[in-house]
$ cat protein.txt   # compact mmCIF, C-alpha atoms
# COMPACT_ATOMS: atom_id res chain seq x y z
CA MET A 246 124.44 57.77 153.56
CA THR A 247 121.81 59.69 151.67
CA VAL A 248 119.35 58.24 149.22
CA ASP A 249 118.36 60.13 146.10
CA PRO A 250 114.57 59.75 145.82
CA ASN A 251 114.76 60.49 142.09
CA ALA A 252 117.35 57.83 141.29
CA ALA A 253 116.25 54.89 139.16
CA THR A 254 115.65 51.79 141.21
CA GLN A 255 117.26 48.64 140.00
CA GLY A 256 114.84 46.07 138.64
CA PHE A 257 111.92 48.44 138.09
CA PRO A 258 111.04 49.86 134.71
CA PRO A 259 111.30 53.61 134.39
CA PRO A 260 108.00 55.39 134.81
CA GLY A 261 106.28 56.19 131.58
CA PRO A 262 102.95 56.05 129.88
CA VAL A 263 101.02 52.88 130.53
CA PRO A 264 100.42 51.08 127.22
CA ARG A 265 96.74 51.19 126.33
CA ARG A 266 94.82 48.20 125.19
CA PRO A 267 93.05 48.67 121.90
CA GLY A 268 89.62 50.14 122.43
CA ALA A 269 86.35 48.86 121.16
CA ALA A 270 86.23 51.78 118.71
CA ARG A 271 88.87 50.03 116.62
CA TYR A 272 86.27 47.37 115.81
CA LEU A 273 83.09 49.35 116.36
CA VAL A 274 83.75 52.04 113.73
CA PRO A 275 84.41 49.55 110.88
CA ALA A 276 81.38 47.50 111.96
CA LEU A 277 79.16 50.59 112.00
CA VAL A 278 80.46 51.75 108.61
CA ALA A 279 79.91 48.24 107.18
CA SER A 280 76.37 48.21 108.52
CA ALA A 281 75.65 51.69 107.17
CA VAL A 282 76.96 50.78 103.71
CA ALA A 283 75.04 47.50 103.56
CA VAL A 284 71.78 48.97 104.87
CA GLY A 285 72.17 52.09 102.70
CA LEU A 286 72.63 50.02 99.55
CA GLY A 287 69.72 47.77 100.46
CA ALA A 288 67.46 50.73 101.23
CA TYR A 289 68.39 52.47 97.98
CA GLY A 290 67.84 49.28 95.99
CA ASN A 291 64.50 48.70 97.68
CA LEU A 292 63.17 52.26 97.34
CA HIS A 293 64.52 52.96 93.86
CA ASP A 294 62.26 52.11 90.93
CA PRO A 295 64.26 49.72 88.72
CA GLU A 296 65.09 51.16 85.31
CA GLY A 297 65.56 47.80 83.58
CA THR A 298 69.01 48.63 82.26
CA ALA A 299 71.93 50.79 83.33
CA PHE A 300 74.57 50.19 80.68
CA ASN A 301 75.59 47.95 77.86
CA LEU A 302 78.97 47.41 76.24
CA ALA A 303 79.59 46.96 72.56
CA GLY A 304 80.21 43.34 71.68
CA PHE A 305 77.85 41.91 74.29
CA SER A 306 74.41 40.59 73.47
CA SER A 307 72.74 41.86 76.65
CA THR A 308 73.32 43.65 79.91
CA GLY A 309 73.04 40.26 81.62
CA ALA A 310 76.01 39.03 79.61
CA VAL A 311 78.04 42.14 80.44
CA LYS A 312 77.21 41.79 84.12
CA SER A 313 78.00 38.07 84.15
CA TRP A 314 81.37 38.46 82.47
CA LEU A 315 82.41 41.38 84.66
CA ALA A 316 81.35 39.41 87.74
CA THR A 317 83.38 36.45 86.49
CA VAL A 318 86.45 38.66 86.05
CA ALA A 319 85.96 40.11 89.55
CA THR A 320 85.62 36.61 91.00
CA GLY A 321 88.76 35.50 89.15
CA PHE A 322 90.71 38.35 90.72
CA ALA A 323 89.17 37.43 94.08
CA VAL A 324 90.65 33.94 93.69
CA VAL A 325 94.02 35.60 93.06
CA GLN A 326 93.36 37.56 96.28
CA LEU A 327 92.76 34.34 98.19
CA VAL A 328 95.89 32.63 96.86
CA SER A 329 98.08 35.69 97.43
CA ALA A 330 96.70 36.07 100.97
CA LEU A 331 97.66 32.46 101.67
CA MET A 332 101.14 33.33 100.40
CA LEU A 333 101.33 36.39 102.64
CA TYR A 334 100.32 34.38 105.70
CA GLY A 335 102.85 31.66 104.90
CA ARG A 336 100.28 28.97 104.09
CA LEU A 337 101.56 28.70 100.49
CA PRO A 338 105.00 29.41 99.12
CA GLY A 339 105.08 32.61 97.14
CA PRO A 340 107.28 35.21 95.53
CA SER A 341 108.50 38.35 97.26
CA TRP A 342 105.97 40.39 95.28
CA SER A 343 102.93 38.50 96.58
CA GLY A 344 101.99 41.57 98.69
CA ALA A 345 101.80 43.73 95.58
CA LEU A 346 99.88 40.99 93.78
CA HIS A 347 97.40 40.88 96.67
CA ARG A 348 96.87 44.64 96.72
CA TRP A 349 96.52 45.05 92.94
CA SER A 350 94.28 42.02 92.42
CA GLY A 351 91.99 43.39 95.13
CA ARG A 352 91.88 46.82 93.53
CA ILE A 353 91.08 45.35 90.13
CA ALA A 354 88.43 43.00 91.56
CA PHE A 355 86.74 45.93 93.30
CA LEU A 356 86.89 48.20 90.25
CA VAL A 357 85.37 45.51 88.05
CA ALA A 358 82.67 44.73 90.65
CA VAL A 359 81.50 48.34 90.97
CA PRO A 360 79.79 48.58 87.53
CA VAL A 361 78.08 45.26 88.24
CA ALA A 362 76.74 46.60 91.53
CA VAL A 363 75.67 49.87 89.94
CA HIS A 364 73.76 47.92 87.31
CA CYS A 365 72.17 45.67 89.91
CA LEU A 366 71.05 48.58 92.08
CA TYR A 367 69.99 50.96 89.34
CA ALA A 368 68.52 48.57 86.80
CA LEU A 369 67.15 45.81 89.01
CA GLY A 370 66.95 47.11 92.59
CA TYR A 371 66.69 45.01 95.73
CA GLN A 372 64.48 42.06 94.87
CA THR A 373 63.16 39.11 96.86
CA TYR A 374 60.82 37.24 94.50
CA GLU A 375 62.74 33.94 94.75
CA PRO A 376 65.41 32.57 97.12
CA ARG A 377 68.26 32.89 94.60
CA VAL A 378 67.48 36.56 94.00
CA LEU A 379 66.97 37.25 97.71
CA TRP A 380 70.38 35.76 98.57
CA HIS A 381 71.95 37.69 95.72
CA SER A 382 70.46 40.97 96.94
CA LEU A 383 71.38 40.36 100.59
CA LEU A 384 74.93 39.27 99.86
CA GLY A 385 75.48 42.07 97.35
CA CYS A 386 74.79 44.61 100.09
CA PHE A 387 76.78 42.58 102.62
CA PHE A 388 79.78 42.36 100.26
CA PHE A 389 80.19 46.12 99.94
CA GLY A 390 79.69 46.57 103.69
CA ALA A 391 82.27 43.91 104.54
CA PHE A 392 84.65 45.33 101.95
CA SER A 393 84.34 48.77 103.57
CA ALA A 394 85.10 47.27 106.98
CA LYS A 395 88.15 45.46 105.60
CA MET A 396 89.52 48.66 104.09
CA LEU A 397 89.13 50.46 107.42
CA LEU A 398 90.67 47.60 109.39
CA LEU A 399 93.71 47.54 107.11
CA ARG A 400 94.75 50.90 108.54
CA SER A 401 94.35 49.84 112.17
CA GLU A 402 97.50 49.13 114.10
CA ARG A 403 98.09 46.10 116.29
CA LEU A 404 95.09 44.08 115.21
CA PRO A 405 94.96 40.48 116.34
CA GLY A 406 96.30 38.26 113.57
CA TRP A 407 92.95 36.57 112.95
CA VAL A 408 90.88 39.71 112.19
CA LEU A 409 91.92 40.45 108.59
CA PRO A 410 91.78 36.80 107.44
CA ILE A 411 88.26 36.47 108.87
CA VAL A 412 86.99 39.70 107.30
CA GLY A 413 88.78 38.96 104.02
CA GLY A 414 87.27 35.47 104.05
CA LEU A 415 83.81 36.96 104.52
CA VAL A 416 84.37 39.32 101.59
CA PHE A 417 85.61 36.44 99.39
CA SER A 418 82.77 34.14 100.44
CA ALA A 419 80.13 36.78 99.79
CA LEU A 420 81.54 37.53 96.33
CA THR A 421 81.64 33.82 95.52
CA VAL A 422 77.97 33.29 96.43
CA ILE A 423 77.05 36.47 94.56
CA TRP A 424 78.75 35.03 91.47
CA LEU A 425 77.02 31.66 91.95
CA THR A 426 73.59 33.31 92.22
CA SER A 427 74.07 35.57 89.22
CA ALA A 428 76.79 34.85 86.64
CA LEU A 429 76.77 31.07 87.00
CA TRP A 430 72.97 31.09 86.94
CA PHE A 431 73.05 33.29 83.80
CA PHE A 432 75.57 31.04 82.03
CA ARG A 433 73.59 27.92 82.89
CA THR A 434 70.27 29.48 81.86
CA PHE A 435 71.29 31.37 78.72
CA GLY A 436 74.57 29.72 77.80
CA VAL A 437 78.09 31.09 77.86
CA THR A 438 77.49 33.97 75.50
CA THR A 439 78.94 37.40 75.07
$ encode --input "protein.txt" --output "structure tokens"
Amino acid sequence: MTVDPNAATQGFPPPGPVPRRPGAARYLVPALVASAVAVGLGAYGNLHDPEGTAFNLAGFSSTGAVKSWLATVATGFAVVQLVSALMLYGRLPGPSWSGALHRWSGRIAFLVAVPVAVHCLYALGYQTYEPRVLWHSLLGCFFFGAFSAKMLLLRSERLPGWVLPIVGGLVFSALTVIWLTSALWFFRTFGVTT
């Protein structure tokens, strides 16, 4: 009896590439990009001489009112993001289109938040003269860094199931505190005006 050395052996998997474990680069690159975005925004805001105003929209009494209302709209869409994420993860019942709702509410929230950030950076800069303003400046930079990391992580394959909810929760929490330290403060100080 002869034995074929190339014959498949019963009970052993066929030889093939050994599956690789995800490398640290999968997490390191988004973390480095997030840090670069946050530090870059903070450095620009700190070094740039504030102009006092960046834009104003017809129908609003001040740039503070414009900024506060846009921030409120962005935060409203962020709440839709949170609810639709809970639907996607099965924590709340939801329609079949909750994935599309999540993606589009996030896009709209980001697009509405960008002019607010541009105004903050260009017109006001990075300021630290009181705790509310310091937290607002820090979290504004952190928000865009964390958002950048989330966008990069979305394209990563085989992430642990906890990564996106944690990063998304950080983005949502940062935006919420940003709104509390700016728009809510504005509405309480100057009234709900347009």
$ atom_distance --input "protein.txt" --atom1 "atom CA of A:Phe387" --atom2 "atom CA of A:Ile411"
14.4 Å
$ closest_atom_pairs --input "protein.txt" --of "stretch 288-323 of chain A" --to "stretch 351-356 of chain A" --cutoff "9 Å" --atoms "all atoms listed in the file" --output "Markdown table"
| residue | atom | partner | partner_atom | distance |
| --- | --- | --- | --- | --- |
| A:Ala316 | CA | A:Ala354 | CA | 8.8 |
| A:Val318 | CA | A:Ala354 | CA | 7.3 |
| A:Ala319 | CA | A:Ala354 | CA | 4.3 |
| A:Thr320 | CA | A:Ala354 | CA | 7.0 |
| A:Gly321 | CA | A:Ala354 | CA | 7.9 |
| A:Phe322 | CA | A:Ala354 | CA | 5.2 |
| A:Ala323 | CA | A:Ala354 | CA | 6.2 |
$ residues_around --input "protein.txt" --residues "stretch 357-362 of chain A" --least-positions-apart "4" --cutoff "10 Å" --atoms "only C-alpha atoms" --output "PDB file with C-alpha atoms, in the frame of the given file"
ATOM      1  CA  LEU A 286      72.630  50.020  99.550  1.00  0.00           C
ATOM      2  CA  ALA A 299      71.930  50.790  83.330  1.00  0.00           C
ATOM      3  CA  PHE A 300      74.570  50.190  80.680  1.00  0.00           C
ATOM      4  CA  THR A 308      73.320  43.650  79.910  1.00  0.00           C
ATOM      5  CA  GLY A 309      73.040  40.260  81.620  1.00  0.00           C
ATOM      6  CA  VAL A 311      78.040  42.140  80.440  1.00  0.00           C
ATOM      7  CA  LYS A 312      77.210  41.790  84.120  1.00  0.00           C
ATOM      8  CA  SER A 313      78.000  38.070  84.150  1.00  0.00           C
ATOM      9  CA  TRP A 314      81.370  38.460  82.470  1.00  0.00           C
ATOM     10  CA  LEU A 315      82.410  41.380  84.660  1.00  0.00           C
ATOM     11  CA  ALA A 316      81.350  39.410  87.740  1.00  0.00           C
ATOM     12  CA  THR A 317      83.380  36.450  86.490  1.00  0.00           C
ATOM     13  CA  VAL A 318      86.450  38.660  86.050  1.00  0.00           C
ATOM     14  CA  ALA A 319      85.960  40.110  89.550  1.00  0.00           C
ATOM     15  CA  THR A 320      85.620  36.610  91.000  1.00  0.00           C
ATOM     16  CA  PHE A 322      90.710  38.350  90.720  1.00  0.00           C
ATOM     17  CA  GLY A 351      91.990  43.390  95.130  1.00  0.00           C
ATOM     18  CA  ARG A 352      91.880  46.820  93.530  1.00  0.00           C
ATOM     19  CA  ILE A 353      91.080  45.350  90.130  1.00  0.00           C
ATOM     20  CA  LEU A 366      71.050  48.580  92.080  1.00  0.00           C
ATOM     21  CA  TYR A 367      69.990  50.960  89.340  1.00  0.00           C
ATOM     22  CA  ALA A 368      68.520  48.570  86.800  1.00  0.00           C
ATOM     23  CA  LEU A 369      67.150  45.810  89.010  1.00  0.00           C
ATOM     24  CA  GLY A 370      66.950  47.110  92.590  1.00  0.00           C
ATOM     25  CA  GLY A 385      75.480  42.070  97.350  1.00  0.00           C
ATOM     26  CA  CYS A 386      74.790  44.610 100.090  1.00  0.00           C
ATOM     27  CA  PHE A 389      80.190  46.120  99.940  1.00  0.00           C
ATOM     28  CA  LEU A 420      81.540  37.530  96.330  1.00  0.00           C
TER      29      LEU A 420
END
$ residues_near_point --input "protein.txt" --point "(102.0, 37.5, 103.3)" --cutoff "12 Å" --atoms "all atoms listed in the file" --output "number ranges by chain"
A: 326-348, 406, 409-410
$ closest_residue --input "protein.txt" --among "A:Ala269, A:Ala419, A:Ala281, A:Ala276" --to "A:Ser382" --atoms "all atoms listed in the file"
A:Ala419
$ atom_distance --input "protein.txt" --atom1 "atom CA of A:Gly414" --atom2 "atom CA of A:Pro275"
15.9 Å
$ closest_residue --input "protein.txt" --among "A:Val284, A:Asn291, A:Arg377, A:Gly268" --to "A:Phe431" --atoms "all atoms listed in the file"
A:Arg377
$ closest_residue --input "protein.txt" --among "A:Leu398, A:Ile423, A:Val363, A:Leu429" --to "A:Val278" --atoms "only C-alpha atoms"
A:Leu398
$ atom_distance --input "protein.txt" --atom1 "atom CA of A:Val324" --atom2 "atom CA of A:Ser393"
18.9 Å
$ axis_aligned_box --input "protein.txt" --around "stretch 414-428 of chain A" --padding-each-side "8 Å" --output "lines of an AutoDock Vina configuration file"
center_x = 80.4
center_y = 35.5
center_z = 95.6
size_x = 29.7
size_y = 23.7
size_z = 33.9
